[in-house]
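To start, the structure under review is shown below, and the notes come after it.
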Amino acid sequence: MTSGKASLAAAVLLALLAVTAAAAAAPLGDAAPGVAIYERCQACHSLERNRTGPKHCGLLGRPAGGVAGFSYSAALRDSGIVWSKESLERFLEAPLTAVPGTRMGYAGVKDPQERADLIAFLAAAAPCKD
Ligand code: HEC
């Protein structure tokens, strides 16, 4: 039946559009290009040790403000955030909007694909050694 085929085609098209829309909302991250994007963060951060900003090893799953020995702002320490792909997505897009009063003086990463790649890189980083 022609109308059956047409509605099947419409359903397939709608499903494809839904997948495309979901992909546009949250692009899949790739850690390899994330390495180069992380260079922007290395003005203040490293994976292994505290600098102007706290070290980033073991970041995912840690509460915000959780690196011992780093002097955080009260705003970040008391934010109640636990770092996940979702919370990093919000924070890295606009740090000062996500956590008003944070001392991270950085405007953020505006490109959604760059953010996803950066978060994939941070998620893949080795755990802290100490
Ligand atoms: C100009 C220096 C600077 C740059 C550049 C910078 N940061 Fe930060 N970052 C900081 C400081 C300082 C803090 C601590 C903020 C606070 O205590 O409010 C921080 C905190 C963080 C935190 C919270 C960590 C924790 O232990 O709770 C994350 C995540 C983070 N930065 C990610 C990044 C990423 C990813 C980039 C690169 C896109 C970046 N930062 C660029 C200075 C910087």
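The chains in the structure tokens are called A, B, ... from first to last as shown; in each chain the residues are counted from 1, and the ligands are counted from 1 in the order shown.
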
Any chance you could tabulate, as a tab-separated table, the residues of chain A at most 6 Å from ligand 1 with each one's nearest atom pair and distance in Å to one decimal, using only C-alpha atoms and all ligand atoms, in chain and rising number order?
residue	atom	partner	partner_atom_place_in_ligand_line	distance
A:Tyr38	CA	ligand 1	37 (C)	5.7
A:Arg40	CA	ligand 1	37 (C)	5.3
A:Cys41	CA	ligand 1	37 (C)	3.3
A:Ala43	CA	ligand 1	5 (C)	5.2
A:Cys44	CA	ligand 1	2 (C)	4.3
A:Thr52	CA	ligand 1	12 (C)	5.3
A:Gly53	CA	ligand 1	11 (C)	3.8
A:Pro54	CA	ligand 1	26 (O)	5.4
A:Ala64	CA	ligand 1	27 (O)	3.4
A:Gly65	CA	ligand 1	27 (O)	3.9
A:Gly66	CA	ligand 1	26 (O)	5.3
A:Val67	CA	ligand 1	26 (O)	5.4
A:Tyr72	CA	ligand 1	17 (O)	3.3
A:Ser73	CA	ligand 1	17 (O)	3.8
A:Leu76	CA	ligand 1	18 (O)	4.7
A:Thr102	CA	ligand 1	18 (O)	3.4
A:Arg103	CA	ligand 1	18 (O)	3.8
A:Met104	CA	ligand 1	10 (C)	3.8
A:Gly105	CA	ligand 1	1 (C)	4.7
A:Tyr106	CA	ligand 1	4 (C)	5.3
A:Val109	CA	ligand 1	38 (C)	6.0

Checklist entry - as number ranges by chain, which residues of chain A does DSSP assign to helix (DSSP H, G or I)? => result A: 2-25, 31-38, 41-43, 74-77, 85-93, 95-98, 112-124

Output file for the selection above: C-alpha atoms, as a short mmCIF file (atom, residue, chain, number, x, y, z; two decimals), in the first residue's frame:
data_model
loop_
_atom_site.label_atom_id
_atom_site.label_comp_id
_atom_site.auth_asym_id
_atom_site.auth_seq_id
_atom_site.Cartn_x
_atom_site.Cartn_y
_atom_site.Cartn_z
CA THR A 2 1.34 3.33 -1.05
CA SER A 3 0.08 5.29 1.95
CA GLY A 4 1.66 2.71 4.29
CA LYS A 5 5.00 3.16 2.56
CA ALA A 6 4.63 6.90 2.72
CA SER A 7 3.97 6.90 6.45
CA LEU A 8 6.87 4.50 6.98
CA ALA A 9 9.11 6.85 5.03
CA ALA A 10 7.84 9.76 7.12
CA ALA A 11 8.53 7.85 10.34
CA VAL A 12 12.08 7.03 9.18
CA LEU A 13 12.65 10.66 8.24
CA LEU A 14 11.38 11.84 11.63
CA ALA A 15 13.64 9.35 13.41
CA LEU A 16 16.63 10.57 11.38
CA LEU A 17 15.78 14.19 12.20
CA ALA A 18 15.54 13.34 15.90
CA VAL A 19 18.97 11.67 15.82
CA THR A 20 20.45 14.63 13.97
CA ALA A 21 18.92 17.08 16.45
CA ALA A 22 20.26 15.11 19.43
CA ALA A 23 23.71 15.04 17.83
CA ALA A 24 23.59 18.80 17.26
CA ALA A 25 22.61 19.42 20.90
CA ALA A 31 39.91 13.11 23.00
CA ALA A 32 42.50 13.35 20.18
CA PRO A 33 41.62 16.89 19.02
CA GLY A 34 40.95 17.69 22.69
CA VAL A 35 44.72 17.62 23.31
CA ALA A 36 45.22 20.77 21.23
CA ILE A 37 42.22 22.52 22.81
CA TYR A 38 43.60 21.76 26.28
CA CYS A 41 43.92 25.73 29.59
CA GLN A 42 47.62 25.13 30.18
CA ALA A 43 48.18 28.85 30.67
CA ALA A 74 34.16 30.04 48.14
CA ALA A 75 31.87 30.28 45.10
CA LEU A 76 33.32 27.17 43.47
CA ARG A 77 33.94 25.25 46.69
CA LYS A 85 30.31 15.58 31.34
CA GLU A 86 27.10 17.57 31.86
CA SER A 87 28.39 19.89 34.59
CA LEU A 88 31.66 20.47 32.71
CA GLU A 89 29.64 21.25 29.60
CA ARG A 90 27.81 24.04 31.49
CA PHE A 91 30.89 25.35 33.33
CA LEU A 92 33.25 25.40 30.36
CA GLU A 93 30.75 27.16 28.11
CA PRO A 95 32.50 29.74 33.75
CA LEU A 96 31.43 33.05 35.27
CA THR A 97 27.76 32.48 34.44
CA ALA A 98 27.76 28.87 35.65
CA PRO A 112 30.15 22.88 21.24
CA GLN A 113 32.39 20.45 19.33
CA GLU A 114 35.53 21.90 20.93
CA ARG A 115 33.90 21.61 24.38
CA ALA A 116 32.93 17.99 23.73
CA ASP A 117 36.47 17.13 22.56
CA LEU A 118 38.00 18.89 25.56
CA ILE A 119 35.71 17.02 27.98
CA ALA A 120 36.52 13.70 26.25
CA PHE A 121 40.22 14.53 26.74
CA LEU A 122 39.72 15.33 30.45
CA ALA A 123 37.64 12.16 30.93
CA ALA A 124 40.37 10.04 29.32
#

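Interatomic distance, CA of Leu47 (chain A) against CA of Pro27 (chain A): 23.8 Å.
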
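Using only C-alpha atoms, the shortest contact distance between Pro127 (chain A) and any of A:Ser71, A:Gly58, A:Ala107, A:Val82 is found at A:Gly58.
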
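Pairwise distance (CA of Ser46 (chain A), CA of Gly29 (chain A)) equals 20.1 Å.
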